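Peer 1: Contents are compact mmCIF, C-alpha atoms; file name input.txt:
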# COMPACT_ATOMS: atom_id res chain seq x y z
CA MET A 1 5.74 -14.70 -5.90
CA ASN A 2 2.47 -13.11 -7.05
CA THR A 3 0.18 -15.28 -4.92
CA LEU A 4 -2.18 -12.38 -4.09
CA GLY A 5 -2.38 -11.10 -7.66
CA TRP A 6 -5.73 -12.75 -8.31
CA MET A 7 -7.27 -10.76 -5.44
CA LEU A 8 -5.95 -7.55 -6.94
CA ASP A 9 -7.40 -8.56 -10.33
CA ASP A 10 -10.77 -9.07 -8.67
CA ALA A 11 -10.66 -5.48 -7.42
CA LEU A 12 -10.16 -4.23 -10.98
CA THR A 13 -13.47 -5.45 -12.37
CA MET A 14 -14.91 -1.92 -12.23
CA PRO A 15 -14.92 0.21 -15.40
CA GLU A 16 -11.90 2.49 -15.87
CA THR A 17 -9.64 0.69 -13.36
CA ARG A 18 -6.24 -0.23 -14.80
CA HIS A 19 -3.65 -1.70 -12.46
CA ALA A 20 -3.16 -2.60 -8.81
CA VAL A 21 0.05 -2.99 -6.86
CA LEU A 22 0.50 -4.20 -3.30
CA LEU A 23 3.71 -2.97 -1.69
CA SER A 24 5.57 -2.88 1.58
CA ALA A 25 6.42 0.40 3.32
CA ASP A 26 9.97 0.21 2.02
CA GLY A 27 8.76 -0.03 -1.58
CA LEU A 28 9.11 -3.75 -2.19
CA LEU A 29 6.54 -5.32 -4.48
CA MET A 30 4.32 -7.84 -2.70
CA ALA A 31 1.78 -8.52 -5.49
CA HIS A 32 0.46 -7.00 -8.71
CA SER A 33 -2.52 -7.32 -11.00
CA ALA A 34 -2.28 -9.25 -14.26
CA GLY A 35 -2.33 -6.18 -16.51
CA ILE A 36 1.08 -4.90 -15.42
CA ASP A 37 4.39 -6.72 -15.82
CA ARG A 38 6.67 -7.36 -12.88
CA ASP A 39 9.33 -4.79 -13.83
CA ASP A 40 6.78 -1.99 -14.12
CA ALA A 41 5.03 -3.14 -10.95
CA GLU A 42 8.33 -3.01 -9.03
CA ARG A 43 9.07 0.48 -10.35
CA HIS A 44 5.60 1.72 -9.41
CA ALA A 45 5.81 0.08 -5.97
CA ALA A 46 8.97 2.08 -5.25
CA ALA A 47 7.27 5.29 -6.40
CA MET A 48 4.16 4.58 -4.33
CA SER A 49 6.33 4.07 -1.26
CA ALA A 50 7.79 7.54 -1.77
CA LEU A 51 4.30 8.98 -2.29
CA GLN A 52 3.00 7.56 0.99
CA ALA A 53 6.11 8.80 2.82
CA LEU A 54 5.49 12.29 1.44
CA ALA A 55 1.81 12.15 2.42
CA ARG A 56 2.72 11.09 5.96
CA ALA A 57 5.31 13.86 6.21
CA THR A 58 2.70 16.48 5.30
CA ALA A 59 0.06 15.24 7.77
CA GLU A 60 0.90 18.04 10.17
CA PHE A 61 -0.30 20.52 7.53
CA CYS A 62 -3.88 19.43 8.30
CA GLY A 63 -3.34 19.02 12.03
CA GLN A 64 -2.74 15.28 11.98
CA THR A 65 0.13 12.92 12.74
CA SER A 66 1.74 10.59 10.22
CA ALA A 67 0.01 7.66 11.93
CA ASP A 68 -3.37 9.18 10.93
CA TRP A 69 -2.71 8.83 7.17
CA ARG A 70 -5.18 6.52 5.43
CA GLN A 71 -5.32 7.33 1.72
CA THR A 72 -3.90 9.62 -0.94
CA VAL A 73 -5.50 10.30 -4.30
CA SER A 74 -3.45 11.88 -7.08
CA GLU A 75 -5.24 13.32 -10.09
CA PHE A 76 -3.72 13.54 -13.57
CA ALA A 77 -5.15 14.64 -16.92
CA GLY A 78 -5.75 10.99 -17.86
CA GLY A 79 -6.80 9.53 -14.56
CA TYR A 80 -6.09 8.88 -10.91
CA VAL A 81 -3.85 6.96 -8.57
CA PHE A 82 -5.34 5.79 -5.29
CA LEU A 83 -2.92 4.81 -2.54
CA ALA A 84 -4.26 3.35 0.71
CA ALA A 85 -2.95 1.86 3.92
CA ALA A 86 -3.48 -1.88 3.77
CA GLY A 87 -2.30 -2.94 7.21
CA PRO A 88 0.87 -2.36 9.21
CA GLY A 89 3.65 -1.68 6.73
CA ALA A 90 1.61 -2.48 3.59
CA TYR A 91 -0.03 -0.27 0.97
CA LEU A 92 -2.36 -0.82 -1.95
CA ALA A 93 -2.13 1.34 -5.07
CA VAL A 94 -4.75 1.34 -7.83
CA SER A 95 -4.61 3.32 -11.07
CA ALA A 96 -7.74 4.33 -12.95
CA GLY A 97 -8.89 6.34 -15.95
CA ALA A 98 -10.31 9.85 -15.87
CA ARG A 99 -13.96 8.76 -15.93
CA VAL A 100 -13.73 6.29 -13.04
CA ASP A 101 -16.26 6.44 -10.23
CA MET A 102 -13.88 7.65 -7.54
CA GLU A 103 -16.18 6.85 -4.64
CA ALA A 104 -16.72 3.32 -5.90
CA VAL A 105 -12.97 2.73 -6.31
CA SER A 106 -12.24 4.03 -2.81
CA PHE A 107 -14.94 1.74 -1.44
CA ARG A 108 -13.60 -1.25 -3.40
CA ILE A 109 -10.07 -0.58 -2.13
CA GLN A 110 -11.29 -0.58 1.46
CA GLU A 111 -13.25 -3.77 0.81
CA LEU A 112 -10.14 -5.43 -0.56
CA VAL A 113 -8.06 -4.31 2.40
CA GLN A 114 -10.67 -5.78 4.76
CA ARG A 115 -10.97 -9.01 2.78
CA LEU A 116 -7.27 -9.69 2.65
CA GLY A 117 -6.84 -9.01 6.36
CA LYS A 118 -3.70 -10.68 7.62
CA GLU A 119 -2.49 -11.36 4.08
CA LEU A 120 -1.88 -7.63 3.57
CA THR A 121 0.27 -7.05 6.62
CA SER A 122 3.98 -6.71 6.31
CA PRO A 123 5.69 -6.61 9.70
CA PRO A 124 8.31 -3.89 10.15
CA ARG A 125 11.91 -4.98 9.75
CA GLN A 126 13.68 -5.86 12.97
CA VAL A 127 16.98 -4.22 13.76
CA GLU A 128 19.70 -6.83 14.15
CA ARG A 129 21.51 -6.71 17.45
CA THR A 130 25.24 -7.06 17.30
CA SER A 131 25.64 -7.65 21.02
CA PRO A 132 23.43 -9.24 23.67
CA PRO A 133 21.02 -6.93 25.49
CA GLN A 134 22.40 -5.22 28.58
CA ARG A 135 21.08 -6.40 31.92
CA GLU A 136 19.91 -3.89 34.43
CA ALA A 137 21.90 -3.53 37.63
CA GLY A 138 20.67 -5.90 40.28
CA SER A 139 18.96 -8.29 37.84
CA PRO A 140 19.85 -12.00 38.10
CA ALA A 141 22.43 -13.31 35.65
Give the structure from the file, written as structure tokens.
Peer 2:
Amino acid sequence: MNTLGWMLDDALTMPETRHAVLLSADGLLMAHSAGIDRDDAERHAAAMSALQALARATAEFCGQTSADWRQTVSEFAGGYVFLAAAGPGAYLAVSAGARVDMEAVSFRIQELVQRLGKELTSPPRQVERTSPPQREAGSPA
């Protein structure tokens, strides 16, 4: 399941970085770094999904639309959480200690997003149709 975990580990080679989680928009874990177990990674993926939804919902506060959201950084007494868009329907979260080089981490996250390319996309779920699509009047049968 964790086939992309090694790429997340590679992004954590900088001092003060701790964990990385790749998640889908609906909070499902897609991959995690080696330093975090699967149960914790799943729990954090769900929380990160809620965080990105909140950030998108507040985009209007700065004159933007939810589609304009790119990254959220949360600061705590002991460190930071970086959450970034990683393609359609996918997000990358990285946790770091208080003395991390924030600019370098943000740059590394964007590098990772670029490097993974198609691997980091999670297509939106399709709504199942319960009946065949309606034909327009006058269209051939």
Peer 1: Go through A:Ile36, A:Leu29, A:Ile109, A:Met102 one by one, measure the shortest atom-to-atom distance of each to Arg70 (chain A) using only C-alpha atoms, and give the residue with the smallest value.
Peer 2: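 Among the listed residues, the smallest separation from Arg70 (chain A) belongs to A:Ile109.
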Peer 1: What are the nearest atom pairs, with distances in Å to one decimal, for all residues of region 45-121 of chain A that come at most 12 Å from region 23-28 of chain A, using only C-alpha atoms, set out by chain and rising residue number as a tab-separated table?
Peer 2:
residue	atom	partner	partner_atom	distance
A:Ala45	CA	A:Gly27	CA	5.3
A:Ala46	CA	A:Gly27	CA	4.2
A:Ala47	CA	A:Gly27	CA	7.3
A:Met48	CA	A:Gly27	CA	7.1
A:Ser49	CA	A:Gly27	CA	4.8
A:Ala50	CA	A:Gly27	CA	7.6
A:Leu51	CA	A:Gly27	CA	10.1
A:Gln52	CA	A:Ala25	CA	8.3
A:Ala53	CA	A:Ala25	CA	8.4
A:Arg56	CA	A:Ala25	CA	11.6
A:Leu83	CA	A:Leu23	CA	10.3
A:Ala84	CA	A:Leu23	CA	10.5
A:Ala85	CA	A:Ala25	CA	9.5
A:Ala86	CA	A:Leu23	CA	9.1
A:Gly87	CA	A:Ser24	CA	9.7
A:Pro88	CA	A:Ala25	CA	8.6
A:Gly89	CA	A:Ala25	CA	4.9
A:Ala90	CA	A:Ser24	CA	4.5
A:Tyr91	CA	A:Leu23	CA	5.3
A:Leu92	CA	A:Leu23	CA	6.4
A:Ala93	CA	A:Leu23	CA	8.0
A:Val94	CA	A:Leu23	CA	11.3
A:Glu119	CA	A:Leu23	CA	11.9
A:Leu120	CA	A:Leu23	CA	9.0
A:Thr121	CA	A:Ser24	CA	8.4
Peer 1: Save the residues we just selected, C-alpha atoms, as a compact mmCIF listing (two decimals), in the frame of the given file?
Peer 2:
# COMPACT_ATOMS: atom_id res chain seq x y z
CA ALA A 45 5.81 0.08 -5.97
CA ALA A 46 8.97 2.08 -5.25
CA ALA A 47 7.27 5.29 -6.40
CA MET A 48 4.16 4.58 -4.33
CA SER A 49 6.33 4.07 -1.26
CA ALA A 50 7.79 7.54 -1.77
CA LEU A 51 4.30 8.98 -2.29
CA GLN A 52 3.00 7.56 0.99
CA ALA A 53 6.11 8.80 2.82
CA ARG A 56 2.72 11.09 5.96
CA LEU A 83 -2.92 4.81 -2.54
CA ALA A 84 -4.26 3.35 0.71
CA ALA A 85 -2.95 1.86 3.92
CA ALA A 86 -3.48 -1.88 3.77
CA GLY A 87 -2.30 -2.94 7.21
CA PRO A 88 0.87 -2.36 9.21
CA GLY A 89 3.65 -1.68 6.73
CA ALA A 90 1.61 -2.48 3.59
CA TYR A 91 -0.03 -0.27 0.97
CA LEU A 92 -2.36 -0.82 -1.95
CA ALA A 93 -2.13 1.34 -5.07
CA VAL A 94 -4.75 1.34 -7.83
CA GLU A 119 -2.49 -11.36 4.08
CA LEU A 120 -1.88 -7.63 3.57
CA THR A 121 0.27 -7.05 6.62
Peer 1: Which residue, A:Glu16, A:Ala67, A:Ala57, A:Asn2, has the smallest gap to Ala41 (chain A) when you use all atoms listed in the file?
Peer 2: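 Between A:Glu16, A:Ala67, A:Ala57, A:Asn2, the residue approaching Ala41 (chain A) most closely is A:Asn2.
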Peer 1: Nearest to Gly78 (chain A) among A:Ala20, A:Cys62, A:Ala98, A:Leu112, with distances taken over only C-alpha atoms: which residue is it?
Peer 2: A:Ala98
Peer 1: So, with only C-alpha atoms as the atoms that count, which of A:Val73, A:Thr3, A:Asp39, A:Asp10 lies closest to Ala55 (chain A)?
Peer 2: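 Nearest to Ala55 (chain A): A:Val73.
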Peer 1: What is the CA of Glu111 (chain A)-CA of Trp6 (chain A) distance in Å, reported with one decimal?
Peer 2: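 Here the two named atoms are 14.8 Å from each other.
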Peer 1: Which residue is closest to Leu12 (chain A)? Choose from A:Glu75, A:Tyr80, A:Gly35, A:His44 and count all atoms listed in the file.
Peer 2: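 Ranked by minimum distance to Leu12 (chain A), first place goes to A:Gly35.
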